[in-house]
$ cat final-v2.cif   # mmCIF, C-alpha atoms and all ligand atoms
data_target
loop_
_atom_site.label_atom_id
_atom_site.label_comp_id
_atom_site.auth_asym_id
_atom_site.auth_seq_id
_atom_site.Cartn_x
_atom_site.Cartn_y
_atom_site.Cartn_z
CA MET T 1 0.00 0.00 0.00
CA ARG T 2 1.15 3.51 -0.77
CA ILE T 3 -0.11 6.48 1.24
CA ASP T 4 0.60 10.08 0.21
CA ILE T 5 -0.08 12.56 2.98
CA VAL T 6 -0.60 16.23 2.15
CA SER T 7 0.16 18.52 5.07
CA VAL T 8 1.16 22.06 6.04
CA MET T 9 3.10 20.60 8.99
CA PRO T 10 5.06 17.68 7.54
CA GLU T 11 7.42 17.73 10.54
CA LEU T 12 4.58 16.33 12.65
CA LEU T 13 4.55 13.24 10.46
CA THR T 14 8.17 12.14 10.55
CA SER T 15 8.44 10.25 13.83
CA PRO T 16 5.21 8.20 13.84
CA PHE T 17 6.33 6.03 10.93
CA GLN T 18 9.98 5.62 11.88
CA HIS T 19 9.55 3.12 14.68
CA SER T 20 8.40 -0.36 15.47
CA ILE T 21 5.74 -1.93 13.25
CA MET T 22 5.38 1.02 10.84
CA LYS T 23 9.13 1.09 10.33
CA ARG T 24 9.23 -2.65 9.65
CA ALA T 25 6.27 -2.44 7.26
CA GLN T 26 8.16 0.12 5.18
CA GLU T 27 11.44 -1.77 5.32
CA LYS T 28 9.68 -4.87 4.07
CA GLY T 29 8.25 -2.83 1.19
CA LEU T 30 4.68 -3.50 2.30
CA LEU T 31 3.91 0.13 3.09
CA THR T 32 5.17 3.36 1.53
CA VAL T 33 4.35 6.63 3.26
CA VAL T 34 5.27 9.87 1.47
CA VAL T 35 4.59 13.22 3.11
CA HIS T 36 4.11 16.26 0.86
CA ASN T 37 4.57 19.80 2.10
CA LEU T 38 1.58 21.81 0.95
CA ARG T 39 3.67 24.95 1.40
CA ASP T 40 5.44 23.97 -1.84
CA TYR T 41 2.14 24.78 -3.55
CA GLY T 42 1.52 28.05 -1.70
CA LEU T 43 0.54 31.08 -3.76
CA GLY T 44 2.64 34.18 -4.40
CA LYS T 45 5.92 35.19 -2.85
CA HIS T 46 4.71 34.31 0.65
CA ALA T 47 3.55 30.87 -0.44
CA GLN T 48 0.10 31.70 0.90
CA LEU T 49 -2.12 28.76 1.85
CA ASP T 50 -5.05 30.26 3.72
CA ASP T 51 -7.32 33.29 3.55
CA TYR T 52 -10.25 34.93 5.30
CA GLN T 53 -13.60 33.24 4.87
CA TYR T 54 -16.27 34.73 2.65
CA GLY T 55 -19.19 36.04 4.65
CA GLY T 56 -16.94 36.99 7.55
CA GLY T 57 -16.16 35.18 10.77
CA ALA T 58 -13.10 34.25 12.76
CA GLY T 59 -10.52 31.80 11.48
CA MET T 60 -8.69 31.28 8.23
CA VAL T 61 -9.69 28.79 5.56
CA MET T 62 -7.25 26.72 3.51
CA MET T 63 -7.47 27.88 -0.11
CA ALA T 64 -8.59 25.55 -2.86
CA GLU T 65 -5.84 26.20 -5.39
CA PRO T 66 -2.74 24.91 -3.52
CA ILE T 67 -4.60 21.76 -2.48
CA ALA T 68 -6.00 21.16 -5.97
CA ASN T 69 -2.58 21.67 -7.57
CA CYS T 70 -0.90 19.29 -5.14
CA ILE T 71 -3.49 16.54 -5.62
CA ASP T 72 -3.44 17.05 -9.41
CA ASP T 73 0.33 16.53 -9.37
CA LEU T 74 -0.01 13.33 -7.34
CA LYS T 75 -2.70 12.02 -9.68
CA LYS T 76 -0.36 12.48 -12.64
CA GLU T 77 1.90 9.82 -11.13
CA ARG T 78 -0.64 7.12 -10.30
CA LYS T 79 -4.29 6.30 -9.87
CA TYR T 80 -5.61 6.75 -6.33
CA ASP T 81 -8.37 4.66 -4.83
CA GLN T 82 -9.44 7.27 -2.31
CA VAL T 83 -8.68 10.88 -1.46
CA ILE T 84 -9.31 11.09 2.27
CA TYR T 85 -9.77 14.30 4.25
CA MET T 86 -9.14 14.13 8.01
CA THR T 87 -11.79 16.27 9.70
CA PRO T 88 -13.75 16.15 12.97
CA ASP T 89 -17.01 16.20 11.01
CA GLY T 90 -16.11 13.12 8.94
CA ASP T 91 -17.26 9.51 9.43
CA ARG T 92 -16.03 8.23 12.77
CA LEU T 93 -13.16 5.79 12.24
CA ASP T 94 -13.69 2.25 13.49
CA GLN T 95 -12.09 -1.15 12.91
CA ALA T 96 -14.51 -2.06 10.12
CA GLN T 97 -13.56 1.08 8.21
CA CYS T 98 -9.86 0.32 8.80
CA ASN T 99 -10.30 -3.22 7.49
CA HIS T 100 -12.03 -1.84 4.41
CA LEU T 101 -9.44 0.87 3.72
CA SER T 102 -6.53 -1.51 4.24
CA LEU T 103 -7.55 -3.32 1.04
CA PHE T 104 -6.79 -0.31 -1.17
CA LYS T 105 -3.52 0.15 -3.01
CA ASN T 106 -3.02 3.94 -3.22
CA LEU T 107 -4.46 6.52 -0.85
CA ILE T 108 -4.10 10.27 -0.49
CA ILE T 109 -4.70 11.72 2.96
CA LEU T 110 -5.24 15.47 3.25
CA CYS T 111 -4.69 17.06 6.65
CA GLY T 112 -6.79 20.10 7.46
CA HIS T 113 -5.80 23.14 9.51
CA TYR T 114 -7.23 26.44 10.69
CA LYS T 115 -10.99 26.64 10.13
CA GLY T 116 -10.91 23.87 7.50
CA ILE T 117 -10.57 23.71 3.74
CA ASP T 118 -12.52 25.46 0.99
CA GLU T 119 -15.71 23.44 0.52
CA ARG T 120 -15.09 23.09 -3.23
CA ILE T 121 -12.18 20.75 -2.51
CA ARG T 122 -14.47 18.59 -0.41
CA GLU T 123 -17.01 18.53 -3.21
CA HIS T 124 -14.70 17.89 -6.14
CA TYR T 125 -11.60 16.08 -4.83
CA ILE T 126 -12.36 14.34 -1.56
CA THR T 127 -13.89 10.87 -1.76
CA LYS T 128 -13.94 10.06 1.97
CA GLU T 129 -13.96 12.18 5.13
CA ILE T 130 -12.72 10.63 8.34
CA SER T 131 -12.80 11.70 11.98
CA ILE T 132 -10.82 9.82 14.62
CA GLY T 133 -13.24 10.86 17.35
CA ASP T 134 -15.61 13.51 18.61
CA TYR T 135 -13.03 16.05 19.70
CA VAL T 136 -11.13 18.70 17.79
CA LEU T 137 -7.39 18.51 17.19
CA SER T 138 -5.38 21.52 16.08
CA GLY T 139 -4.72 19.85 12.74
CA GLY T 140 -5.30 16.65 10.82
CA GLU T 141 -1.72 15.35 11.09
CA LEU T 142 -2.07 13.38 14.31
CA ALA T 143 -5.36 11.98 13.02
CA ALA T 144 -3.63 10.96 9.76
CA ALA T 145 -0.88 9.24 11.76
CA VAL T 146 -3.54 7.28 13.66
CA LEU T 147 -5.18 6.21 10.42
CA VAL T 148 -1.91 5.16 8.75
CA ASP T 149 -0.88 3.15 11.81
CA ALA T 150 -4.27 1.42 12.02
CA LEU T 151 -4.11 0.52 8.30
CA GLY T 152 -0.42 -0.37 8.15
CA ARG T 153 -0.65 -3.07 10.80
CA LEU T 154 -3.45 -4.79 8.89
CA LEU T 155 -1.42 -5.28 5.71
CA PRO T 156 -0.60 -8.95 5.16
CA GLY T 157 2.93 -9.76 6.30
CA VAL T 158 3.34 -6.68 8.51
CA LEU T 159 2.67 -8.40 11.83
CA ASN T 160 4.89 -11.36 12.60
CA ASP T 161 2.03 -13.63 13.46
CA GLU T 162 -0.34 -12.94 10.59
CA THR T 163 -3.33 -13.91 12.62
CA SER T 164 -2.65 -11.56 15.49
CA ALA T 165 -4.53 -8.57 14.04
CA LEU T 166 -7.57 -10.81 13.82
CA PHE T 167 -7.65 -11.07 17.60
CA ASP T 168 -7.42 -7.32 18.23
CA SER T 169 -10.12 -5.57 20.15
CA PHE T 170 -13.03 -4.63 17.87
CA GLN T 171 -12.50 -7.41 15.34
CA ASP T 172 -15.79 -9.34 15.69
CA ASN T 173 -17.14 -6.45 17.79
CA LEU T 174 -15.45 -7.77 20.94
CA LEU T 175 -12.83 -6.14 23.16
CA ALA T 176 -9.65 -8.17 23.68
CA PRO T 177 -9.34 -10.32 26.83
CA PRO T 178 -6.81 -9.52 29.60
CA VAL T 179 -3.21 -10.65 29.05
CA TYR T 180 -0.44 -11.57 31.49
CA THR T 181 3.26 -12.35 31.34
CA ARG T 182 5.91 -13.54 33.80
CA PRO T 183 6.12 -13.78 36.76
CA ALA T 184 3.18 -16.07 37.57
CA GLU T 185 2.78 -14.17 40.84
CA PHE T 186 3.59 -10.48 41.30
CA ARG T 187 3.21 -8.82 44.72
CA GLY T 188 0.85 -11.60 45.72
CA TRP T 189 -1.31 -11.13 42.61
CA PRO T 190 -1.48 -14.43 40.72
CA VAL T 191 -2.05 -15.02 37.02
CA PRO T 192 -5.39 -16.83 36.45
CA GLU T 193 -4.79 -20.56 36.89
CA VAL T 194 -6.26 -21.55 33.56
CA LEU T 195 -3.56 -19.66 31.63
CA LEU T 196 -0.89 -21.84 33.27
CA SER T 197 -2.83 -25.06 32.69
CA GLY T 198 -1.59 -25.85 29.19
CA ASN T 199 -5.19 -26.76 28.32
CA PHE T 200 -5.66 -24.80 25.09
CA LYS T 201 -9.37 -25.41 24.81
CA ALA T 202 -9.92 -24.17 28.36
CA ILE T 203 -7.70 -21.14 27.67
CA GLU T 204 -9.61 -20.30 24.51
CA ASP T 205 -12.95 -20.59 26.36
CA TRP T 206 -11.66 -18.41 29.20
CA ARG T 207 -10.47 -15.75 26.77
CA MET T 208 -13.81 -15.67 24.96
CA GLU T 209 -15.66 -15.44 28.26
CA LYS T 210 -13.46 -12.54 29.42
CA SER T 211 -13.84 -10.79 26.06
CA ILE T 212 -17.62 -10.92 26.32
CA GLU T 213 -17.56 -9.90 29.99
CA ARG T 214 -15.30 -6.93 29.22
CA THR T 215 -17.33 -5.84 26.20
CA LYS T 216 -20.58 -6.03 28.21
CA ALA T 217 -19.07 -3.95 30.99
CA ARG T 218 -17.25 -1.35 28.90
CA ARG T 219 -18.83 -1.15 25.44
CA PRO T 220 -22.20 -2.92 25.60
CA LYS T 221 -23.39 -1.35 22.33
CA LEU T 222 -20.71 -3.28 20.44
CA LEU T 223 -22.53 -6.50 21.28
CA LYS T 224 -25.87 -5.18 20.03
CA SER T 225 -24.90 -3.56 16.76
CA ASP T 226 -22.08 -2.27 14.62
CA GLU T 227 -21.92 0.89 16.69
CA SER T 228 -19.47 1.67 19.46
N1 LIG R 1 -8.77 17.27 12.58
C1 LIG R 1 -9.07 17.91 13.72
N2 LIG R 1 -9.73 17.13 14.57
C2 LIG R 1 -9.86 15.92 13.96
C3 LIG R 1 -10.47 14.69 14.31
N3 LIG R 1 -11.08 14.52 15.47
N4 LIG R 1 -10.41 13.69 13.43
C4 LIG R 1 -9.82 13.85 12.23
N5 LIG R 1 -9.24 14.99 11.83
C5 LIG R 1 -9.26 16.02 12.69
#

$ encode --input "final-v2.cif" --output "structure tokens"
Amino acid sequence: MRIDIVSVMPELLTSPFQHSIMKRAQEKGLLTVVVHNLRDYGLGKHAQLDDYQYGGGAGMVMMAEPIANCIDDLKKERKYDQVIYMTPDGDRLDQAQCNHLSLFKNLIILCGHYKGIDERIREHYITKEISIGDYVLSGGELAAAVLVDALGRLLPGVLNDETSALFDSFQDNLLAPPVYTRPAEFRGWPVPEVLLSGNFKAIEDWRMEKSIERTKARRPKLLKSDES
């Protein structure tokens, strides 16, 4: 999968992909992340990217032309499956959406700033709008990093044990069960007996039971529908 991220703050997007699983995914050639500085497409001698909004009101709006020119340039190089805009008023990201998006080959992610982007870009360029939650960040970069991480780890071959993403919380609308590691007793707190039993059927049953218990207690709506 190739992901091109368009941003006015590309510095915010260097570290998230240089470590751990995202780093390995890129080294293995399974994921390519390229960050483009929208400033390179700014207008005039000040490389202007934003302007006052028509109709008045506080806050600057990202202008259509730099964004359109940048995306046009990217589209000259390859065909993109989706042009995604990170915005708090987009569709709320969940695991099902991540699973779906992870099947695409080429994605563009546009990060918003200020008061947002000129609506004409949303109408004519953007094919999907995604929010990572009902709160407002100062820009779309951290949200884009969340999305890329969530997609990258789903790509076949990225995780060592290919099945492990299948047992994540939210796959099958269940939260993951508790996990333990050595020692078997820490400060008088023991690991549940069954996990030391070597009885794989019993362990599997225990994990399913705990998953259901945890989902009922913390996210009951997951059990009833596709909603969180
Ligand atoms: N940009 C600002 N806030 C955001 C959010 N919650 N999700 C996605 N992009 C955003």

$ residues_around --input "final-v2.cif" --residues "segment 168-176 of chain T" --least-positions-apart "5" --cutoff "8 Å" --atoms "all atoms listed in the file" --output "VMD selection string"
chain T and resid 95 to 96 211 to 212 214 to 215 222 to 223 226

$ closest_atom_pairs --input "final-v2.cif" --of "chain T" --to "ligand LIG 1 (chain R)" --cutoff "9 Å" --atoms "only C-alpha atoms and all ligand atoms" --output "tab-separated table"
residue	atom	partner	partner_atom	distance
T:Tyr85	CA	R:LIG1	N5	7.6
T:Met86	CA	R:LIG1	N5	3.9
T:Thr87	CA	R:LIG1	N5	3.6
T:Pro88	CA	R:LIG1	C3	3.8
T:Asp89	CA	R:LIG1	N4	7.5
T:Gly90	CA	R:LIG1	C4	7.1
T:Asp91	CA	R:LIG1	N4	9.0
T:Arg92	CA	R:LIG1	N4	7.9
T:Leu93	CA	R:LIG1	N4	8.4
T:Cys111	CA	R:LIG1	N5	7.2
T:Gly112	CA	R:LIG1	N1	6.2
T:His113	CA	R:LIG1	N1	7.3
T:Gly116	CA	R:LIG1	N1	8.6
T:Glu129	CA	R:LIG1	C4	8.4
T:Ile130	CA	R:LIG1	C4	5.8
T:Ser131	CA	R:LIG1	N4	3.4
T:Ile132	CA	R:LIG1	N4	4.1
T:Gly133	CA	R:LIG1	N3	4.6
T:Asp134	CA	R:LIG1	N3	5.6
T:Tyr135	CA	R:LIG1	N3	4.9
T:Val136	CA	R:LIG1	N2	3.8
T:Leu137	CA	R:LIG1	N2	3.8
T:Ser138	CA	R:LIG1	C1	5.7
T:Gly139	CA	R:LIG1	N1	4.8
T:Gly140	CA	R:LIG1	N1	3.9
T:Glu141	CA	R:LIG1	N1	7.5
T:Leu142	CA	R:LIG1	N5	7.8
T:Ala143	CA	R:LIG1	C4	4.9
T:Ala144	CA	R:LIG1	N5	7.2

$ residues_around --input "final-v2.cif" --residues "Asn99 of chain T" --least-positions-apart "5" --cutoff "12 Å" --atoms "all atoms listed in the file" --output "count of residues only"
18

$ closest_residue --input "final-v2.cif" --among "T:Val158, T:Leu103, T:Ile84, T:Ala64" --to "Ile21 of chain T" --atoms "only C-alpha atoms"
T:Val158

$ closest_residue --input "final-v2.cif" --among "T:Tyr180, T:Phe167, T:Trp206, T:Tyr80" --to "Ile126 of chain T" --atoms "all atoms listed in the file"
T:Tyr80

$ closest_residue --input "final-v2.cif" --among "T:Gly57, T:Ala145, T:Gly44, T:Ala68" --to "Thr14 of chain T" --atoms "only C-alpha atoms"
T:Ala145

$ closest_residue --input "final-v2.cif" --among "T:Glu27, T:His36, T:Ile203, T:Lys45" --to "Glu11 of chain T" --atoms "only C-alpha atoms"
T:His36

$ atom_distance --input "final-v2.cif" --atom1 "atom CA of Asp51 of chain T" --atom2 "atom CA of Ile3 of chain T"
27.9 Å

$ closest_residue --input "final-v2.cif" --among "T:Leu43, T:Lys210, T:Arg2, T:Gly29" --to "Leu101 of chain T" --atoms "all atoms listed in the file"
T:Arg2

$ residues_around --input "final-v2.cif" --residues "Arg39 of chain T" --least-positions-apart "2" --cutoff "7 Å" --atoms "all atoms listed in the file" --output "JSON, numbers by chain"
{"T": [8, 37, 41, 42, 47, 49]}

$ atom_distance --input "final-v2.cif" --atom1 "atom CA of Lys115 of chain T" --atom2 "atom CA of Gln53 of chain T"
8.8 Å

$ residues_around --input "final-v2.cif" --residues "Ile121 of chain T" --least-positions-apart "2" --cutoff "10 Å" --atoms "all atoms listed in the file" --output "tab-separated table (two decimals) with C-alpha atoms, in the frame of the given file"
chain	number	residue	atom	x	y	z
T	62	MET	CA	-7.25	26.72	3.51
T	63	MET	CA	-7.47	27.88	-0.11
T	64	ALA	CA	-8.59	25.55	-2.86
T	65	GLU	CA	-5.84	26.20	-5.39
T	67	ILE	CA	-4.60	21.76	-2.48
T	68	ALA	CA	-6.00	21.16	-5.97
T	85	TYR	CA	-9.77	14.30	4.25
T	117	ILE	CA	-10.57	23.71	3.74
T	118	ASP	CA	-12.52	25.46	0.99
T	119	GLU	CA	-15.71	23.44	0.52
T	123	GLU	CA	-17.01	18.53	-3.21
T	124	HIS	CA	-14.70	17.89	-6.14
T	125	TYR	CA	-11.60	16.08	-4.83
T	126	ILE	CA	-12.36	14.34	-1.56
